[in-house]
Amino acid sequence: MARTQPRKIFAEADLAKFEVTVQNLELAVNKLFKGNHCESENGSSGHPLQTNTDLAHQWLLWVQKSADAWQMIWFLLAPCPSNSSADQTPAFGPELQYFGANTLQFKIQKNLASLSEEDVVALRDKLLSLITQTAPGSSASGEKFLPKFVYVRLLVSLATLIIRTVGDGNQLAQTVWGQPPDPVGQLINLFSSGQAVQVMDAHARLNILLQLLTFIPEEYGTSYLTKRIRGYVHHYCSRTAMPSVLNLVMTFLKVSATTSDQKSSALNVINAWCQFGINLSENVELLQLLFGHLMSQTDVDSSLTTEIFNCLGHLVSQPSSVKCQSTFFQLVLPTTVQSLAPFISKILSEGDENVVNAACSYLISVGDTYTGALILPPADQNLVENCARCVSLCEMILKFTNHPATYPIEETCSTLTFSFWYNLQEDLPVCLSSVSESNSHDPALISVWTGHCANLFGVLTRLIVVLCRKCQYPPEEVTDKWSPDELEQLRCYRIDCNDFISSLQSLLGVVPTASVLSQLYFSALAQVGSDNPGSHWRAIEAPLFLFSGCNTLGEAPDCALVATPVLKTFPQVMTSHPKVMESCCDLIGQLAVWMCEQSALELHSEVNVLKEVVETLTGALQLEEGLSSHAAMALKEIAAASVDELHPLAFSIFEKVKPMLYLDNLPKLTLLENLVYTVGKSISSLQNKEILHITQELLNPHTDRLMKLLNSEVSAQNSLMSEVHTNAALAATHIWISLATQLVASIDCGPTEDDEEEGEGDSGAGAGWARPGDEVDACIVLLQEIDPVMKMLMERYPNKEIVINDICSLYKRTYYNIRHRIVPVSPQICLYAVKFLSVPSEGLSHATSLLHIFTTQNLLPDIQSSCSVIQQSFQIIAKSALNSDSTVVSHHYSDPDFAAELYYWLLDLLKERESLRLFSHAIATNRDLLLDVFKLLLKGLNRQESMAFRNCIAAITEFVKFSAANRNLADMHACCVDGMAFIIESVCDVLTGISPNINGLDSYAGLLQQLSIVFPTELELTLKNCLFQSKYATTLSSEAERSYFISNVLKEKCSKSNMREVCNSFHISCVGSQTNNLLMT
């Protein structure tokens, strides 16, 4: 149950009120472990430790930290005294015993330094005695002994004691464990010989010893240790204790009477001690012993085999193992690919998933550790043999990738191999380049290495075939039983395969990779027959799915030779199954790019192939919604990839697509937009009159539908019905504007790049651009025709966000396509921008985004038309913000977000080079506009919000810069001089602490620095007049200080950072002076 109230923290005095007694401990522990289900036997159900979990928890922690906890531990863990030795039952319940054992580990870990060396020795003896007397199988414990989880905690405490004493230095370690200190060796002798622990049988002793040896490195890895302690412990374990541990483990493995569980425990010890570094070259016998246990099994012991493979994997994946290449080539590699090969084949045939995954992980560990050696074996007398073995190892890993089972239900090992294949394909080119760049190698040696790498390339090529088979969908009767999570795992697995193909093509080559997939595709198609592909659609779909991973094929010269034959088969296979349709549609646009970018093929053959594919896709539009969506997306991909090739099919595409656009129940908007995009691209090469005719025919039904809904909305009397009609009209509006946007944006009827280069330097070259012989511009006419409907929509829904968003999106998405002919529609764009200003919330954002169209460099070749737009937008925004009676802007000018956006727009206009050019032309002919804009900037100095204020200061700074660069604009220069008094007064209010707007301190530094450069004389005079006013008399300490500040501000070459320091120091001085005056008062 989730905590509903914050945790309460109790003071130490409150915790000390409860005496440390058995009863209180039992109450607190039971509350902590059993919660609200605990019931006191003595009737103290209202005790605070029993009712408050936070109190119980914090009190137990307080008890653990107390000095008396050392004595409490042994009391809680001691058995109850009895006259009968056979009835030595524990005195307390398992929860209280666990608390005692946990407290013991806590005290050893945190408070061992509080004990003397003699006390530590006594602690060691008590702990060993308790472990031996209460262990399972101990004769001293009788039939009653500590629970397993309590006993394990005692072993962990002993492991912690070893780490802390060894890590504390030689003196304490020698006192506790002798000279030289070897606690692990002593414990091995103690538990293996049995001389000091006769009360325990051999089986119990060995189990305890193995557990203890496992806990020591685990505690080392999980405990927080200082660098010094960690260094001492690592040195001891790797140098002194390691030989004893490995000898013990090998003894266990050699004795035939050792049980399988004991061998597994011994292997766990090796796994745990690998973190200290086990040198493979010095422990060849251990490797031979592990390999021997695998090969000697007649019947595969699943648990033991898994542990052996995991242990081998840990050994070869150590960081130090990569240096032991001689051991790898002399023992690990030959044994793995020769002696273990039959055993691994047996494992794969039996199909035990745990064993298969363990064997696969071992092979992957070998491959990942020695990837470089696998690619370029050392040049010795066994080079040829080692090369063959390296290839055999890769083929063994390939068998696990090709595990004959269904992922993820029956196998998961195929995903484990991806890391090795990625490492191999990444390191292969590096190794090859190092060989080719080296001049010291013998040509015969280079020839052997080159042939070896060619064999590795062959393995990677076969990997494509394997992945193609693994990617196939299982039969429906199988997947119907799968859970959604299992289906999602299969989808992710297929994507991983596709990603790997995409990565592999950079190594094998784009065309070779695509050729392999193409051969697999045609082979599957030949087996099932092209007339009936639906019966075995899985074999057809898999290579098509992986084909999309070859995503850069268009750069190769032979791409069309691969793409065209595959495209020719699509009309026969696309409709065989929804999954095949999906893969074809994902691939079809890419294949069209490859095919149409090649000039080697005849154009008519390309068009014929595209014509068949387009006809199939347009036919698929009538199918179910999922298939029709994929078909529409594929048509859009073809249109984007092969515009020129689609032009002969323009009328045919429009006639096929038109029925989908006129359905009473319209499909999804995305599908409609894709179809409209396809139509727009296909008709781009027609004459403008033909384009206009098709676009009108396409949009008119939607326009009529929209007008009908708008009229029915007006006539509706019932309020509920009116809301329904309004929602329907808004939905139709969204569809209508979206289709118009997509249509105008997709029609390529503007000048080409060559046309733009020819017209460069002529300011009016693009203003009236149109195709030779055309009397109309289809896109411009279309925008002008839909404008009255959009105006009516703005009047009907002036504050509807969806309408404003759609209209704004229309011009933002189409302006680049019509940028050379935008002058005829610029008035209506400006008009919408002005209307958006009256919309609350996001109105200014939409308005400024439209006005940014006119401030984009080289967008408007006609400077006069641009100036008129800029003048109008500036004038409306400035006057509306300044006029308190205006209903356009001022009603939400008080909104901080609106003000921040407004000043950011002004800042943006003043910073962009092209907008500055337009701004200078605009204000040169309109002095009132200049004054209004500057007043609006000054008005922003009163803003208290950080963002709006900063944007305003930055805009004023840019204004001053602009006036310095255009000194011929006398009005602008006069504005800056006239407004300087107000600016400086605002600065002084902030610097002297009168104004609470402390955010302006850093912002004003840049403005002062700019004013000192552009207007040094006026700034000095204004500062003197301002700082010596009476209202600053109590905030400044002396006239000398004010004069010093002015001189620093006016220093030549004063940077912005220096100006910031000047302002900060003056501000601190003024605030300090003001504080002193208040204290004196």
# chains A, B, ... in the order shown; residues from 1 in each chain; ligands from 1

call {"tool": "residues_around", "arguments": {"residues": "A:Leu161", "least_positions_apart": "6", "cutoff": "8 Å", "atoms": "only C-alpha atoms", "output": "list in words"}}
result
Ile108, Gln109 and Arg124 of chain A

call {"tool": "select_by_dssp", "arguments": {"residues": "stretch 225-268 of chain A", "states": "alpha helix (DSSP H)", "output": "PyMOL selection string"}}
result
chain A and resi 227-235+242-254+260-268

call {"tool": "write_last_selection", "arguments": {"atoms": "C-alpha atoms", "output": "PDB file, in the first residue's frame"}}
result
ATOM      1  CA  LYS A 227      39.872   3.603  -1.977  1.00  0.00           C
ATOM      2  CA  ARG A 228      42.472   2.573   0.594  1.00  0.00           C
ATOM      3  CA  ILE A 229      40.442  -0.325   2.000  1.00  0.00           C
ATOM      4  CA  ARG A 230      39.433  -1.473  -1.473  1.00  0.00           C
ATOM      5  CA  GLY A 231      43.099  -1.513  -2.534  1.00  0.00           C
ATOM      6  CA  TYR A 232      44.192  -3.602   0.477  1.00  0.00           C
ATOM      7  CA  VAL A 233      41.387  -6.124  -0.003  1.00  0.00           C
ATOM      8  CA  HIS A 234      41.907  -6.454  -3.747  1.00  0.00           C
ATOM      9  CA  HIS A 235      45.641  -6.989  -3.289  1.00  0.00           C
ATOM     10  CA  MET A 242      43.329 -16.613  -4.940  1.00  0.00           C
ATOM     11  CA  PRO A 243      45.604 -19.728  -5.152  1.00  0.00           C
ATOM     12  CA  SER A 244      43.958 -21.283  -2.077  1.00  0.00           C
ATOM     13  CA  VAL A 245      40.467 -20.640  -3.419  1.00  0.00           C
ATOM     14  CA  LEU A 246      41.209 -22.059  -6.872  1.00  0.00           C
ATOM     15  CA  ASN A 247      42.938 -25.133  -5.427  1.00  0.00           C
ATOM     16  CA  LEU A 248      39.885 -25.791  -3.253  1.00  0.00           C
ATOM     17  CA  VAL A 249      37.516 -25.421  -6.212  1.00  0.00           C
ATOM     18  CA  MET A 250      39.581 -27.705  -8.424  1.00  0.00           C
ATOM     19  CA  THR A 251      39.650 -30.279  -5.619  1.00  0.00           C
ATOM     20  CA  PHE A 252      35.866 -30.189  -5.508  1.00  0.00           C
ATOM     21  CA  LEU A 253      35.626 -30.620  -9.269  1.00  0.00           C
ATOM     22  CA  LYS A 254      38.105 -33.511  -9.371  1.00  0.00           C
ATOM     23  CA  SER A 260      26.124 -31.677  -8.641  1.00  0.00           C
ATOM     24  CA  ASP A 261      24.919 -29.002  -6.227  1.00  0.00           C
ATOM     25  CA  GLN A 262      28.324 -28.746  -4.613  1.00  0.00           C
ATOM     26  CA  LYS A 263      29.986 -28.421  -8.006  1.00  0.00           C
ATOM     27  CA  SER A 264      27.536 -25.651  -8.884  1.00  0.00           C
ATOM     28  CA  SER A 265      28.398 -23.900  -5.612  1.00  0.00           C
ATOM     29  CA  ALA A 266      32.113 -24.246  -6.397  1.00  0.00           C
ATOM     30  CA  LEU A 267      31.552 -22.747  -9.844  1.00  0.00           C
ATOM     31  CA  ASN A 268      29.705 -19.841  -8.237  1.00  0.00           C
TER      32      ASN A 268
END

call {"tool": "closest_residue", "arguments": {"among": "A:Ile1068, A:Leu793, A:Leu213, A:Ala241", "to": "A:Leu710", "atoms": "only C-alpha atoms"}}
result
A:Leu793

call {"tool": "residues_around", "arguments": {"residues": "A:Trp449", "least_positions_apart": "4", "cutoff": "8 Å", "atoms": "only C-alpha atoms", "output": "PyMOL selection string"}}
result
chain A and resi 376+445+453

call {"tool": "residues_around", "arguments": {"residues": "A:Asn799", "least_positions_apart": "2", "cutoff": "7 Å", "atoms": "only C-alpha atoms", "output": "PDB file with C-alpha atoms, in the first residue's frame"}}
result
ATOM      1  CA  TYR A 797     -15.092  31.329 -35.306  1.00  0.00           C
ATOM      2  CA  GLU A 801      -7.811  27.675 -31.973  1.00  0.00           C
ATOM      3  CA  VAL A 839      -7.064  36.210 -30.179  1.00  0.00           C
TER       4      VAL A 839
END

call {"tool": "residues_around", "arguments": {"residues": "A:Leu460", "least_positions_apart": "3", "cutoff": "9 Å", "atoms": "only C-alpha atoms", "output": "ChimeraX atom specification"}}
result
/A:398,421,425,455-457,463-464,504,508

call {"tool": "residues_around", "arguments": {"residues": "stretch 739-747 of chain A", "least_positions_apart": "6", "cutoff": "6 Å", "atoms": "only C-alpha atoms", "output": "ChimeraX atom specification"}}
result
/A:673,676-677,680-681,684,779,810,814

call {"tool": "residues_around", "arguments": {"residues": "A:Lys399", "least_positions_apart": "3", "cutoff": "10 Å", "atoms": "only C-alpha atoms", "output": "number ranges by chain"}}
result
A: 344-345, 348, 360, 393-396, 402-404, 414, 417, 463, 466

call {"tool": "closest_residue", "arguments": {"among": "A:Lys568, A:His47, A:Arg796, A:Arg705", "to": "A:Leu591", "atoms": "only C-alpha atoms"}}
result
A:Lys568

call {"tool": "closest_residue", "arguments": {"among": "A:Tyr362, A:Tyr662, A:Tyr815, A:Phe215", "to": "A:Ala272", "atoms": "only C-alpha atoms"}}
result
A:Phe215
